[in-house]
Amino acid sequence: MDNLQTFYGPNAGYVLDLYERYRTDPSAVDEKTRAIFARWRPVVLAEGEALAPGRAEGAPFAVEKVVAAVALAHAIRERGHLAAQLDPLGRPPQGDPALLPESHGLTEEDLVQLPASVVGGHAAEGARNALEAMQRLRAMYSGTISYEFDQVKSPQERLWLRDAVGLQLFQRRLSPQSSRQLLQRLTQVEVFERFLHQTYPGQKRFSIEGCDVLVPMLDELIRCALESETREVIIGMAHRGRLNVLAHVLGKSYQAILAEFAHTRHEEGVPLTDTFGFGWSGDVKYHLGAEHLLGGERSLALKVILAPNPSHLEFVNPVVEGMTRAAQERRDRAGAPRQELDETLPILIHGDAAFPGEGVVAETLNLWHLQGYSVGGTIHIILNNQLGFTTEPQESRSTLFASDLAKGFSIPIIHVNADDPEAALTAIRLAHAYRDEFHKDILIELVGYRRWGHNEGDEPAFTQPQLYELIRAHPTVRELYARHLQEQGLVTSQECEQMVEEAFATLRRAKQEVDEDPQRFEQLGGNGQNGLAVELEPAPPVSAEQLRQFNRELLRWPQGFTVHQRLARVLQRRADALEQGSIDWGHAEALAFASILADGIPIRLSGQDSERGTFSQRHAVLHDSHTGERYVPLQHLSQAQASFAIYNSPLTETAVLGFEYGYSVHAPEALVLWEAQYGDFANVAQVIIDQFIAAGRAKWRQNSSVVLLLPHGYEGQGPDHSSARLERFLQLSAGHNWRVTNCSTAAQYYHLLRQQAHSLQRHPLPLVVLTPKSLLRHPLAAARLEELTSGRFQPVLDDAEAQQRAQTIRRVLLCSGKMAIDLLASEQRSRASEVAVVRVEQLYPLPEEELLQVLSCYPSMQELVWVQEEPLNMGAWSYMAPRLQRLLASLSTPQAVLRVLARPESASPATGFMDRYEAEQRALIEGALLGEGGLLVEKRAAETPAGKRRR
């Protein structure tokens, strides 16, 4: 406090106020402060004036001028970005009156009279007075690069960031050679776009022009990552500029990209339904991903990955975060995974309209500091075109800057003009250093423009005529930087033109090679396995003694650890359940997980309330009743050879499921599960399900084995707690893209999990499981020990009782999940002596051979009835009907007809009234078992094999 340079902002005013109190009454301040002020020689001051330490003795000035100057300096640091020269098109910034001296009652003469120390910070060092220090401060915060740091909560981080700016730690003057290399890179970026524009006029490519400097920024970021010994960089971005990034950052050859532009013909002899071979559909070229290896030996190299992404612009964000977390974790030992944050760096490139507009952005930002999802900081870059298709910023967001959303998550923001390449590289170096230092997110808003329309077939002047007059007249960043280097004498105009011609020549040669042999460079085919039906092998059996040992350890916790009394009783019942044949759903799952870990396969499970389970069925994480301490028994198994991780997720489905999908892609050896709180809530993650899980393999050759656990079942809980929308998953089923199951017993679920875990490497497929609610503890769904130690997952379960009187069975009921248990548990079952209940446990791929084998055991079958809880227009009926008709046609029971029993068609999945639900369910069951039913049961005859309708 001896020198005012130590203080700036409100602190300086505070010190001066203390000094005034001291002068009036020394006892008004504490002893330590009195000792400091005692060393300041008092001088006679005019009324309303105060002495500024560090100023020449006897040269007083008004305290209000000091406070005003301090406030002005603080305003520049806090709001300087509002006056920064960020728009390459030269449109003036918004500005802010608080940035003007007169708003604080100051003139230039006042600032000349004040010492530089009132400005504080590094701007004051070496300055002759406050005016000169203030000018330096404006250059730091209101130039072609500016900063917003006040939202950062940590004082340590704010000080680090301000020191980085004030000391210009990352603002390096490029060497002549580096300057020429930067110009050459900008030339390659621009010429690539110009060549495509001229060669393939009107074809969509979503050009990067206007934000060309993004490629050198990524180059610099990768260089920083190499220096930090990062092993992997994972990039997520939408389609704007993607082809340029693929070519110049990911090393995808010009030939491969040009071949995709030329891919317009259909090869003779290849069926139109399978153009690319074995189920590959491919995708447009600006959605594809790539990998590139940089550096020396493979063990020391840096892998750069660009994740594929659909036109849902920002939905790749959580996928990249999940891939990053998977890359950072070591899962080869028992316990929790070990995370190494510096191993992998995630980079997310956003659009200026999409960043504030798409909710998945906020959902993903919310993950950054959560235990189960943190990746040690992501570097975000907003590629700001100042336009969203035809929509201007004031029509697409309620915030001043596209980046403002990030403030709510305490993320520091750097704004930079895309026409200043060297400032853009400064921003990158600062961002990487901050992430390296604090392992937190940071955001760069790169403010540029879009030279062409939203796509290259679009005319932007229809909607933004004045803006595009400016853009047409505006030189490119390559031209501007070339002029800058020419003025410095670093290059000649002839050298600049030579760079352009060499870049064009390289592209012309590439096109010539493609024209001569286009198939040589096409990368659209499959690998021969995709799309083929695969018979999954059963998992190796687990002995009864092993299961007993797992059970004992799962029910053991540390000495002194106190489990809630009621929960302890629930868990202790599992000790006897193995021998009593009453292993419920959660218990079977725990034993399956234990056996999978013993087989060396890591497990990750997340979802809302998944640690306990929505229905209090899991209790994988125990909490000490007195201390709140956590204990995870599955992380302490003596036989475990791999890690176990389980996390309660934030209240979101989209970002978390995207994260788990990305994790499963990047950790193919791990069993990755996402559990919805209720299956209905998966609706919110429909984009992830549609675009990534269902179609990612066909579009991008991206394998995932993520498991979706979706609680499903009608129990009178209303339209939002009944249906996992099975019909949607079945409509998306094709090309053996996943498996869809609806198990009816704990044993089936146990074997299904083990089968999935042991198929991860050889036959990776996502798995959709409709899990139960009321069946979790139902006696008919419970398993016996011998059912776990022997057998395998059965896609079809026959009716054991009906098999004993197979010759007399007239009606066969096909159903799945809870519907089957409701039928088997019904009091009416004893009256239905001519009815068999057959359970279809796997709906896709439909086990047709197993179904044929079961149905052929009922030679007297007259009716084959599909029974479902869902309304007729939902559930599995529309999927099952044509397939069951084909099955009937191949049976030697021509008299059999196909019928359906379901709730009537409805816009809502279920009723919200318990009495109505009970009436509906009773009618369904009676109609199925006794051939009797109320009006709620709709019966529909189907075409017979002969093509005639039975009445």
# chains A, B, ... in the order shown; residues from 1 in each chain; ligands from 1
>>> closest_atom_pairs(of="stretch 405-482 of chain A", to="stretch 125-145 of chain A", cutoff="9 Å", atoms="only C-alpha atoms", output="tab-separated table")
residue	atom	partner	partner_atom	distance
A:Ile414	CA	A:Ile145	CA	7.2
A:His415	CA	A:Ile145	CA	5.6
A:Val416	CA	A:Ile145	CA	4.3
A:Asn417	CA	A:Thr144	CA	5.2
A:Ala418	CA	A:Thr144	CA	8.6
A:Asp419	CA	A:Thr144	CA	8.6
A:Asp420	CA	A:Thr144	CA	6.9
A:Ala423	CA	A:Ile145	CA	6.2
A:Ala424	CA	A:Ile145	CA	7.8
A:Thr426	CA	A:Ile145	CA	8.7
A:Ala427	CA	A:Ile145	CA	7.7
>>> select_by_dssp(residues="stretch 279-394 of chain A", states="alpha helix (DSSP H)", output="ChimeraX atom specification")
/A:316-328,354-357,359-365,393-394
>>> residues_around(residues="A:Val687", least_positions_apart="4", cutoff="8 Å", atoms="only C-alpha atoms", output="short mmCIF file (atom, residue, chain, number, x, y, z; two decimals) with N, CA, C and O atoms, in the first residue's frame")
data_model
loop_
_atom_site.label_atom_id
_atom_site.label_comp_id
_atom_site.auth_asym_id
_atom_site.auth_seq_id
_atom_site.Cartn_x
_atom_site.Cartn_y
_atom_site.Cartn_z
N HIS A 312 -27.26 -30.62 -37.96
CA HIS A 312 -27.66 -30.10 -36.65
C HIS A 312 -26.38 -29.53 -36.02
O HIS A 312 -25.62 -30.23 -35.36
N PHE A 315 -24.67 -30.10 -32.32
CA PHE A 315 -24.88 -31.34 -31.58
C PHE A 315 -23.62 -32.20 -31.48
O PHE A 315 -23.59 -33.16 -30.71
N THR A 654 -29.99 -34.47 -23.92
CA THR A 654 -29.26 -34.30 -25.18
C THR A 654 -27.75 -34.32 -24.97
O THR A 654 -27.04 -35.13 -25.58
N GLN A 691 -29.37 -38.93 -35.43
CA GLN A 691 -28.25 -38.55 -36.28
C GLN A 691 -26.97 -39.31 -35.96
O GLN A 691 -26.14 -39.52 -36.85
N PHE A 692 -26.80 -39.69 -34.72
CA PHE A 692 -25.53 -40.32 -34.32
C PHE A 692 -25.70 -41.81 -34.05
O PHE A 692 -25.06 -42.64 -34.71
#
>>> closest_residue(among="A:Glu801, A:Glu358, A:Glu727, A:Glu669", to="A:Pro764", atoms="only C-alpha atoms")
A:Glu669
>>> residues_around(residues="A:Gln686", least_positions_apart="3", cutoff="10 Å", atoms="only C-alpha atoms", output="ChimeraX atom specification")
/A:653-654,657,681-683,689-693,728
>>> write_last_selection(atoms="all heavy atoms", output="compact mmCIF listing (two decimals), in the first residue's frame")
# COMPACT_ATOMS: atom_id res chain seq x y z
N GLU A 653 -30.85 -34.47 -21.22
CA GLU A 653 -30.72 -35.72 -21.97
C GLU A 653 -29.82 -35.56 -23.19
O GLU A 653 -28.97 -36.39 -23.47
CB GLU A 653 -32.10 -36.23 -22.42
CG GLU A 653 -32.97 -36.77 -21.30
CD GLU A 653 -33.65 -35.68 -20.49
OE1 GLU A 653 -33.88 -34.58 -21.05
OE2 GLU A 653 -33.94 -35.91 -19.30
N THR A 654 -29.99 -34.47 -23.92
CA THR A 654 -29.26 -34.30 -25.18
C THR A 654 -27.75 -34.32 -24.97
O THR A 654 -27.04 -35.13 -25.58
CB THR A 654 -29.67 -32.99 -25.85
OG1 THR A 654 -31.06 -33.05 -26.18
CG2 THR A 654 -28.88 -32.75 -27.13
N LEU A 657 -26.43 -37.76 -23.38
CA LEU A 657 -26.42 -38.90 -24.31
C LEU A 657 -25.39 -38.68 -25.42
O LEU A 657 -24.70 -39.62 -25.84
CB LEU A 657 -27.81 -39.12 -24.90
CG LEU A 657 -27.93 -40.32 -25.85
CD1 LEU A 657 -27.45 -41.61 -25.19
CD2 LEU A 657 -29.37 -40.49 -26.34
N PHE A 681 -38.28 -39.62 -21.51
CA PHE A 681 -37.41 -38.45 -21.53
C PHE A 681 -36.35 -38.55 -22.63
O PHE A 681 -35.69 -37.55 -22.93
CB PHE A 681 -36.75 -38.24 -20.18
CG PHE A 681 -37.73 -38.04 -19.04
CD1 PHE A 681 -37.31 -38.01 -17.73
CD2 PHE A 681 -39.09 -37.88 -19.29
CE1 PHE A 681 -38.21 -37.83 -16.69
CE2 PHE A 681 -39.99 -37.71 -18.26
CZ PHE A 681 -39.56 -37.68 -16.95
N ALA A 682 -36.18 -39.72 -23.20
CA ALA A 682 -35.26 -39.85 -24.33
C ALA A 682 -35.74 -39.03 -25.52
O ALA A 682 -34.96 -38.74 -26.44
CB ALA A 682 -35.11 -41.31 -24.73
N ASN A 683 -37.02 -38.64 -25.52
CA ASN A 683 -37.53 -37.76 -26.58
C ASN A 683 -36.64 -36.54 -26.74
O ASN A 683 -36.42 -36.04 -27.85
CB ASN A 683 -38.95 -37.25 -26.22
CG ASN A 683 -39.99 -38.34 -26.26
OD1 ASN A 683 -39.72 -39.44 -26.72
ND2 ASN A 683 -41.17 -38.04 -25.77
N ILE A 689 -30.08 -39.52 -30.99
CA ILE A 689 -30.50 -40.87 -31.37
C ILE A 689 -30.58 -41.00 -32.88
O ILE A 689 -30.04 -41.95 -33.48
CB ILE A 689 -31.85 -41.20 -30.71
CG1 ILE A 689 -31.70 -41.29 -29.19
CG2 ILE A 689 -32.43 -42.50 -31.27
CD1 ILE A 689 -33.00 -41.30 -28.43
N ASP A 690 -31.23 -40.05 -33.54
CA ASP A 690 -31.43 -40.13 -34.99
C ASP A 690 -30.13 -40.00 -35.76
O ASP A 690 -29.82 -40.80 -36.64
CB ASP A 690 -32.38 -39.01 -35.46
CG ASP A 690 -33.82 -39.23 -35.01
OD1 ASP A 690 -34.08 -40.25 -34.38
OD2 ASP A 690 -34.66 -38.36 -35.30
N GLN A 691 -29.37 -38.93 -35.43
CA GLN A 691 -28.25 -38.55 -36.28
C GLN A 691 -26.97 -39.31 -35.96
O GLN A 691 -26.14 -39.52 -36.85
CB GLN A 691 -27.99 -37.04 -36.14
CG GLN A 691 -29.10 -36.16 -36.65
CD GLN A 691 -29.10 -36.10 -38.17
OE1 GLN A 691 -28.33 -36.77 -38.84
NE2 GLN A 691 -29.99 -35.30 -38.72
N PHE A 692 -26.80 -39.69 -34.72
CA PHE A 692 -25.53 -40.32 -34.32
C PHE A 692 -25.70 -41.81 -34.05
O PHE A 692 -25.06 -42.64 -34.71
CB PHE A 692 -24.96 -39.62 -33.08
CG PHE A 692 -24.48 -38.22 -33.35
CD1 PHE A 692 -25.34 -37.14 -33.19
CD2 PHE A 692 -23.18 -37.98 -33.75
CE1 PHE A 692 -24.91 -35.85 -33.43
CE2 PHE A 692 -22.74 -36.68 -34.00
CZ PHE A 692 -23.61 -35.61 -33.84
N ILE A 693 -26.55 -42.17 -33.09
CA ILE A 693 -26.60 -43.56 -32.65
C ILE A 693 -27.19 -44.46 -33.74
O ILE A 693 -26.64 -45.52 -34.05
CB ILE A 693 -27.40 -43.68 -31.34
CG1 ILE A 693 -26.73 -42.84 -30.24
CG2 ILE A 693 -27.48 -45.14 -30.89
CD1 ILE A 693 -27.51 -42.78 -28.95
N ARG A 728 -40.48 -45.40 -32.42
CA ARG A 728 -39.46 -44.57 -33.06
C ARG A 728 -38.17 -45.35 -33.28
O ARG A 728 -37.53 -45.23 -34.33
CB ARG A 728 -39.19 -43.33 -32.21
CG ARG A 728 -40.39 -42.40 -32.11
CD ARG A 728 -40.08 -41.15 -31.30
NE ARG A 728 -41.27 -40.32 -31.16
CZ ARG A 728 -41.35 -39.26 -30.38
NH1 ARG A 728 -40.30 -38.92 -29.65
NH2 ARG A 728 -42.45 -38.55 -30.31
>>> atom_distance(atom1="atom CA of A:Val768", atom2="atom CA of A:Ser543")
27.5 Å
>>> residues_around(residues="A:Asp798", least_positions_apart="2", cutoff="7 Å", atoms="only C-alpha atoms", output="tab-separated table (two decimals) with N, CA, C and O atoms, in the first residue's frame")
chain	number	residue	atom	x	y	z
A	796	VAL	N	-36.32	-65.08	-28.08
A	796	VAL	CA	-37.74	-65.48	-27.95
A	796	VAL	C	-37.85	-66.44	-26.78
A	796	VAL	O	-37.05	-67.37	-26.64
A	800	ALA	N	-43.63	-72.20	-21.33
A	800	ALA	CA	-43.31	-73.55	-20.88
A	800	ALA	C	-44.55	-74.36	-20.55
A	800	ALA	O	-44.65	-75.55	-20.87
A	838	VAL	N	-46.17	-66.11	-25.78
A	838	VAL	CA	-44.80	-66.18	-26.29
A	838	VAL	C	-44.19	-64.79	-26.23
A	838	VAL	O	-44.79	-63.82	-26.72
A	839	ARG	N	-43.02	-64.71	-25.65
A	839	ARG	CA	-42.39	-63.41	-25.44
A	839	ARG	C	-41.32	-63.14	-26.50
A	839	ARG	O	-40.40	-63.94	-26.68
A	854	VAL	N	-40.66	-71.63	-32.72
A	854	VAL	CA	-41.63	-71.68	-31.63
A	854	VAL	C	-43.04	-71.86	-32.17
A	854	VAL	O	-43.82	-72.71	-31.69
>>> closest_residue(among="A:Leu365, A:Leu760, A:Ile688, A:Leu710", to="A:Ala670", atoms="only C-alpha atoms")
A:Leu760
>>> residues_around(residues="A:His778", least_positions_apart="2", cutoff="9 Å", atoms="only C-alpha atoms", output="PyMOL selection string")
chain A and resi 584-585+774-776+780-782+821
>>> write_last_selection(atoms="all heavy atoms", output="mmCIF file, in the first residue's frame")
data_model
loop_
_atom_site.group_PDB
_atom_site.id
_atom_site.type_symbol
_atom_site.label_atom_id
_atom_site.label_comp_id
_atom_site.auth_asym_id
_atom_site.auth_seq_id
_atom_site.Cartn_x
_atom_site.Cartn_y
_atom_site.Cartn_z
ATOM 1 N N ASP A 584 -33.661 -60.036 -7.985
ATOM 2 C CA ASP A 584 -34.455 -59.041 -8.710
ATOM 3 C C ASP A 584 -33.597 -58.336 -9.755
ATOM 4 O O ASP A 584 -32.405 -58.624 -9.922
ATOM 5 C CB ASP A 584 -35.125 -58.056 -7.753
ATOM 6 C CG ASP A 584 -34.122 -57.179 -7.006
ATOM 7 O OD1 ASP A 584 -32.972 -57.016 -7.458
ATOM 8 O OD2 ASP A 584 -34.503 -56.644 -5.944
ATOM 9 N N TRP A 585 -34.202 -57.390 -10.456
ATOM 10 C CA TRP A 585 -33.575 -56.742 -11.618
ATOM 11 C C TRP A 585 -32.275 -56.032 -11.250
ATOM 12 O O TRP A 585 -31.241 -56.232 -11.894
ATOM 13 C CB TRP A 585 -34.568 -55.748 -12.219
ATOM 14 C CG TRP A 585 -34.291 -55.394 -13.648
ATOM 15 C CD1 TRP A 585 -33.439 -54.431 -14.099
ATOM 16 C CD2 TRP A 585 -34.861 -56.004 -14.811
ATOM 17 N NE1 TRP A 585 -33.450 -54.390 -15.468
ATOM 18 C CE2 TRP A 585 -34.323 -55.344 -15.933
ATOM 19 C CE3 TRP A 585 -35.789 -57.025 -15.001
ATOM 20 C CZ2 TRP A 585 -34.681 -55.668 -17.236
ATOM 21 C CZ3 TRP A 585 -36.141 -57.345 -16.306
ATOM 22 C CH2 TRP A 585 -35.591 -56.683 -17.403
ATOM 23 N N SER A 774 -42.391 -51.442 -12.802
ATOM 24 C CA SER A 774 -43.082 -52.319 -11.852
ATOM 25 C C SER A 774 -42.503 -53.732 -11.843
ATOM 26 O O SER A 774 -42.692 -54.477 -10.881
ATOM 27 C CB SER A 774 -44.579 -52.379 -12.182
ATOM 28 O OG SER A 774 -44.789 -52.890 -13.480
ATOM 29 N N LEU A 775 -41.790 -54.122 -12.879
ATOM 30 C CA LEU A 775 -41.194 -55.472 -12.910
ATOM 31 C C LEU A 775 -39.894 -55.561 -12.131
ATOM 32 O O LEU A 775 -39.357 -56.666 -11.962
ATOM 33 C CB LEU A 775 -40.917 -55.904 -14.356
ATOM 34 C CG LEU A 775 -42.086 -56.056 -15.314
ATOM 35 C CD1 LEU A 775 -41.625 -56.773 -16.570
ATOM 36 C CD2 LEU A 775 -43.242 -56.780 -14.668
ATOM 37 N N LEU A 776 -39.380 -54.437 -11.676
ATOM 38 C CA LEU A 776 -38.076 -54.464 -11.021
ATOM 39 C C LEU A 776 -38.038 -55.419 -9.841
ATOM 40 O O LEU A 776 -37.004 -56.019 -9.550
ATOM 41 C CB LEU A 776 -37.698 -53.050 -10.563
ATOM 42 C CG LEU A 776 -37.353 -52.069 -11.689
ATOM 43 C CD1 LEU A 776 -37.243 -50.651 -11.142
ATOM 44 C CD2 LEU A 776 -36.071 -52.482 -12.393
ATOM 45 N N LEU A 780 -42.416 -62.807 -10.849
ATOM 46 C CA LEU A 780 -42.300 -63.525 -12.122
ATOM 47 C C LEU A 780 -41.131 -63.030 -12.968
ATOM 48 O O LEU A 780 -40.743 -63.695 -13.926
ATOM 49 C CB LEU A 780 -43.600 -63.403 -12.909
ATOM 50 C CG LEU A 780 -44.800 -64.171 -12.357
ATOM 51 C CD1 LEU A 780 -46.002 -64.038 -13.281
ATOM 52 C CD2 LEU A 780 -44.464 -65.650 -12.164
ATOM 53 N N ALA A 781 -40.584 -61.862 -12.636
ATOM 54 C CA ALA A 781 -39.429 -61.350 -13.371
ATOM 55 C C ALA A 781 -38.110 -61.699 -12.685
ATOM 56 O O ALA A 781 -37.045 -61.498 -13.252
ATOM 57 C CB ALA A 781 -39.536 -59.833 -13.530
ATOM 58 N N ALA A 782 -38.182 -62.216 -11.462
ATOM 59 C CA ALA A 782 -36.965 -62.530 -10.713
ATOM 60 C C ALA A 782 -36.239 -63.722 -11.327
ATOM 61 O O ALA A 782 -36.828 -64.548 -12.029
ATOM 62 C CB ALA A 782 -37.319 -62.816 -9.256
ATOM 63 N N ILE A 821 -45.581 -60.220 -18.651
ATOM 64 C CA ILE A 821 -45.720 -60.557 -17.232
ATOM 65 C C ILE A 821 -47.150 -60.299 -16.766
ATOM 66 O O ILE A 821 -47.704 -61.066 -15.964
ATOM 67 C CB ILE A 821 -44.705 -59.763 -16.391
ATOM 68 C CG1 ILE A 821 -43.270 -60.116 -16.815
ATOM 69 C CG2 ILE A 821 -44.893 -60.028 -14.906
ATOM 70 C CD1 ILE A 821 -42.894 -61.572 -16.656
#
